[in-house]
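Colleague: Just protein.txt, nothing more (compact mmCIF, C-alpha atoms):
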# COMPACT_ATOMS: atom_id res chain seq x y z
CA MET A 1 -25.17 121.22 -42.22
CA ALA A 2 -27.32 121.42 -45.31
CA LYS A 3 -26.04 121.32 -48.91
CA SER A 4 -22.29 121.24 -48.42
CA ASP A 5 -19.58 122.15 -46.00
CA ASN A 6 -19.19 125.65 -47.45
CA ILE A 7 -20.42 128.85 -45.84
CA PHE A 8 -20.88 132.01 -47.89
CA LEU A 9 -21.26 135.40 -46.20
CA ILE A 10 -23.30 138.03 -48.02
CA GLY A 11 -24.40 141.53 -47.05
CA LEU A 12 -23.63 145.20 -47.57
CA MET A 13 -20.16 146.64 -47.24
CA GLY A 14 -19.18 147.39 -43.67
CA VAL A 15 -21.33 144.63 -42.16
CA GLY A 16 -18.24 142.61 -41.19
CA LYS A 17 -18.11 139.78 -43.73
CA THR A 18 -14.30 139.63 -43.81
CA THR A 19 -13.69 140.01 -40.08
CA ILE A 20 -16.49 137.65 -39.08
CA GLY A 21 -15.62 135.21 -41.87
CA ARG A 22 -12.02 134.93 -40.73
CA LYS A 23 -13.08 134.13 -37.13
CA LEU A 24 -15.86 131.79 -38.24
CA ALA A 25 -13.47 129.81 -40.44
CA GLU A 26 -10.98 129.60 -37.58
CA LYS A 27 -13.64 128.35 -35.18
CA LEU A 28 -14.97 125.75 -37.64
CA GLY A 29 -11.60 124.61 -38.97
CA LYS A 30 -12.32 125.80 -42.50
CA THR A 31 -10.29 127.79 -45.01
CA PHE A 32 -11.19 131.48 -45.19
CA LEU A 33 -11.34 133.24 -48.55
CA ASP A 34 -12.20 136.86 -49.30
CA CYS A 35 -13.49 137.33 -52.84
CA ASP A 36 -12.28 140.94 -53.14
CA ARG A 37 -8.78 140.08 -51.85
CA GLU A 38 -8.60 137.18 -54.32
CA ILE A 39 -9.42 139.56 -57.18
CA GLU A 40 -6.72 141.99 -56.03
CA GLU A 41 -4.11 139.24 -55.68
CA ARG A 42 -4.88 137.82 -59.12
CA THR A 43 -4.89 141.16 -60.93
CA GLY A 44 -2.11 142.78 -58.92
CA VAL A 45 -4.17 145.96 -58.57
CA THR A 46 -6.74 147.34 -56.14
CA ILE A 47 -10.50 147.08 -56.52
CA GLU A 48 -10.52 150.90 -56.80
CA LEU A 49 -8.22 150.78 -59.82
CA ILE A 50 -10.30 148.06 -61.48
CA PHE A 51 -13.40 150.27 -61.03
CA GLU A 52 -11.49 153.27 -62.39
CA ILE A 53 -10.24 151.46 -65.50
CA GLU A 54 -12.99 148.92 -66.24
CA GLY A 55 -15.97 150.41 -64.43
CA GLU A 56 -18.35 148.47 -62.24
CA GLU A 57 -19.30 146.20 -65.15
CA GLY A 58 -15.69 145.10 -65.66
CA PHE A 59 -15.27 144.50 -61.94
CA ARG A 60 -18.48 142.42 -61.81
CA ARG A 61 -17.21 140.19 -64.64
CA ARG A 62 -13.98 139.54 -62.73
CA GLU A 63 -15.94 138.99 -59.52
CA SER A 64 -18.18 136.37 -61.18
CA ALA A 65 -15.21 134.44 -62.54
CA VAL A 66 -13.49 134.36 -59.14
CA LEU A 67 -16.72 133.56 -57.30
CA ASP A 68 -17.41 130.60 -59.60
CA GLU A 69 -13.96 129.20 -58.85
CA LEU A 70 -14.00 129.86 -55.09
CA THR A 71 -17.50 128.46 -54.49
CA ALA A 72 -16.51 125.24 -56.28
CA ARG A 73 -13.99 124.51 -53.50
CA SER A 74 -14.93 122.64 -50.37
CA ASN A 75 -14.68 123.30 -46.64
CA VAL A 76 -14.45 127.07 -47.08
CA VAL A 77 -15.91 130.20 -45.57
CA ILE A 78 -16.11 132.90 -48.24
CA ALA A 79 -16.67 136.62 -47.67
CA THR A 80 -18.31 137.84 -50.88
CA GLY A 81 -18.31 141.39 -52.12
CA GLY A 82 -21.46 143.30 -51.20
CA GLY A 83 -22.64 143.35 -54.81
CA ALA A 84 -21.82 139.74 -55.66
CA VAL A 85 -25.54 138.91 -55.45
CA LEU A 86 -26.33 141.18 -58.41
CA GLY A 87 -25.41 138.50 -60.97
CA PRO A 88 -28.05 135.77 -61.39
CA GLU A 89 -25.34 133.14 -61.96
CA ASN A 90 -23.57 134.26 -58.78
CA ARG A 91 -26.77 133.82 -56.76
CA GLU A 92 -27.23 130.37 -58.27
CA TRP A 93 -23.68 129.27 -57.37
CA LEU A 94 -23.98 130.61 -53.83
CA LYS A 95 -27.35 128.94 -53.27
CA GLU A 96 -26.32 125.59 -54.76
CA ARG A 97 -22.79 125.26 -53.41
CA GLY A 98 -23.10 126.10 -49.74
CA THR A 99 -25.00 127.64 -46.88
CA VAL A 100 -25.61 131.35 -47.41
CA VAL A 101 -25.46 133.59 -44.34
CA TYR A 102 -26.83 137.10 -44.80
CA LEU A 103 -25.20 139.49 -42.36
CA ASN A 104 -27.14 142.70 -41.92
CA ALA A 105 -27.04 145.85 -39.85
CA PRO A 106 -28.85 149.19 -40.00
CA VAL A 107 -27.43 151.52 -42.65
CA LYS A 108 -26.64 154.14 -39.98
CA ILE A 109 -24.28 151.67 -38.33
CA LEU A 110 -22.74 150.73 -41.70
CA ALA A 111 -22.24 154.40 -42.58
CA GLY A 112 -20.40 154.88 -39.30
CA ARG A 113 -18.25 151.78 -39.79
CA THR A 114 -17.22 152.85 -43.29
CA GLN A 115 -16.86 156.58 -42.55
CA ALA A 116 -13.05 156.67 -42.71
CA ASP A 117 -12.80 154.12 -45.53
CA ARG A 118 -11.60 155.68 -48.79
CA LYS A 119 -11.10 152.37 -50.61
CA ARG A 120 -14.71 151.56 -51.45
CA PRO A 121 -15.49 152.96 -54.92
CA LEU A 122 -19.26 152.89 -54.49
CA LEU A 123 -19.02 154.95 -51.29
CA GLN A 124 -17.01 157.85 -52.69
CA THR A 125 -19.87 160.25 -52.24
CA GLU A 126 -20.85 163.10 -49.97
CA ASP A 127 -23.82 161.26 -48.48
CA ARG A 128 -22.77 157.73 -47.52
CA LEU A 129 -25.99 157.11 -45.64
CA ALA A 130 -28.08 157.84 -48.74
CA ARG A 131 -25.77 155.72 -50.91
CA LEU A 132 -25.89 152.76 -48.50
CA THR A 133 -29.68 153.08 -48.28
CA GLU A 134 -29.85 152.98 -52.09
CA LEU A 135 -27.53 149.96 -52.28
CA LEU A 136 -29.56 148.12 -49.64
CA ARG A 137 -32.81 148.84 -51.50
CA GLU A 138 -31.26 147.42 -54.68
CA ARG A 139 -29.55 144.39 -53.13
CA GLU A 140 -31.66 143.27 -50.16
CA PRO A 141 -34.23 141.38 -52.27
CA PHE A 142 -31.32 139.29 -53.63
CA TYR A 143 -29.80 138.81 -50.17
CA LEU A 144 -33.15 137.58 -48.87
CA GLU A 145 -33.77 135.40 -51.94
CA ILE A 146 -30.69 133.25 -51.36
CA ALA A 147 -30.14 133.48 -47.60
CA ASP A 148 -30.36 130.27 -45.59
CA VAL A 149 -29.56 132.15 -42.39
CA ILE A 150 -30.02 135.83 -41.50
CA ILE A 151 -27.87 137.30 -38.74
CA ASN A 152 -28.18 140.88 -37.51
CA THR A 153 -24.71 142.12 -36.56
CA ASP A 154 -25.77 145.59 -35.29
CA ASP A 155 -23.23 146.56 -32.64
CA LEU A 156 -22.77 143.02 -31.37
CA PRO A 157 -19.28 141.83 -30.43
CA MET A 158 -17.77 139.69 -33.17
CA ARG A 159 -17.65 136.63 -30.91
CA LYS A 160 -21.42 136.84 -30.36
CA VAL A 161 -22.05 137.11 -34.10
CA VAL A 162 -19.83 134.07 -34.78
CA ASP A 163 -21.56 132.09 -32.02
CA SER A 164 -24.95 133.09 -33.43
CA ILE A 165 -23.95 131.91 -36.92
CA CYS A 166 -22.68 128.59 -35.51
CA GLY A 167 -25.92 128.10 -33.57
CA SER A 168 -28.00 128.79 -36.67
CA LEU A 169 -25.89 126.41 -38.78
CA GLU A 170 -26.29 123.61 -36.23
CA SER A 171 -30.06 123.95 -36.31
CA GLN A 172 -30.21 123.76 -40.13
Written as structure tokens, that's how I'd like the structure from this file.
Modeller:
Amino acid sequence: MAKSDNIFLIGLMGVGKTTIGRKLAEKLGKTFLDCDREIEERTGVTIELIFEIEGEEGFRRRESAVLDELTARSNVVIATGGGAVLGPENREWLKERGTVVYLNAPVKILAGRTQADRKRPLLQTEDRLARLTELLREREPFYLEIADVIINTDDLPMRKVVDSICGSLESQ
């Protein structure tokens, strides 16, 4: 593999970064880390509460600090938060410290996958499809800027997505 033995998963919420990351790490014999879960464990509170108290800006500061630490490790698969790419320093760390895999899927599929989810602060809106479309418009240029590999998850079985990532990594 290029760069290092780390793999970083980026993409919008609902695309499967955590689920796919866990299986990918298992298959490759790497340690799996979820940036959002790390933040919750370290603060002892939920992402929703951090957003409520500190706003998105406060959350992004915490996210950057954790991302800097996690990406400095080796032999890891990291599921980033969907907005982790918003910080220029975050993009730099991801690009320099591992192979970046952009997982994408049509926003209609993502809206369906996140429909029952009440824990995502940025999706607490009447029109999830419009919100996801807006988030994609804002973030996709950053996803594409740092992606080494782009994988469309659509409605593919997780095993197929993991196999596709592994195949792309081998050809790097």
Colleague: Enter the distance from atom CA of A:Ile50 to atom CA of A:Lys30, in Å, rounded to one decimal.
Modeller: 29.3 Å
Colleague: As an exercise, work out the distance from atom CA of A:Arg128 to atom CA of A:Ala111 in Å and give it to one decimal place.
Modeller: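 Straight-line distance from atom CA of A:Arg128 to atom CA of A:Ala111 works out to 6.0 Å.
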Colleague: Considering only C-alpha atoms, state which residue in the set A:Ala25, A:Leu129, A:Leu86, A:Leu156 is at the smallest distance from A:Pro141.
Modeller: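 Using only C-alpha atoms, A:Pro141 sits closest to A:Leu86.
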Colleague: Have a look at A:Gly83, A:Ser171, A:Leu28, A:Val45 and name the one nearest to A:Leu136; count all atoms listed in the file.
Modeller: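 Smallest distance to A:Leu136 is found for A:Gly83.
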Colleague: Within 10 Å of A:Ile10, counting only C-alpha atoms, which residues show up once you throw out same-chain ones fewer than 4 positions away? Write them as number ranges by chain, please.
Modeller: A: 15-17, 78-85, 94, 100-104, 142-144, 146-147, 150
Colleague: Interatomic distance between atom CA of A:Gly98 and atom CA of A:Ser64?
Modeller: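 Separating atom CA of A:Gly98 from atom CA of A:Ser64 is a distance of 16.1 Å.
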Colleague: Looking at A:Ala130, A:Arg61, A:Gly14, A:Thr31, which one is nearest to A:Asp155, with distances taken over only C-alpha atoms?
Modeller: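 Closest residue, counting only C-alpha atoms: A:Gly14.
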Colleague: From the options A:Leu132, A:Ile7, A:Met158, A:Leu67, which residue's atoms come nearest to A:Gly29, counting only C-alpha atoms?
Modeller: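 Nearest candidate to A:Gly29 out of A:Leu132, A:Ile7, A:Met158, A:Leu67: A:Ile7.
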Colleague: Out of A:Leu110, A:Leu33, A:Leu24, A:Ala65, which residue has the shortest atom-to-atom distance to A:Gly87 when counting all atoms listed in the file?
Modeller: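 Smallest distance to A:Gly87 is found for A:Ala65.
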Colleague: Between A:Arg22, A:Arg73, A:Arg91, A:Asp36, single out the one closest to A:Arg139, counting all atoms listed in the file.
Modeller: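 Under the stated criterion, the closest residue is A:Arg91.
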Colleague: Using all atoms listed in the file, which residues sit within 12 Å of A:Gly58 once same-chain residues fewer than 5 positions away are excluded, as an MDAnalysis selection string?
Modeller: chainID A and resid 39 47:53 63:65
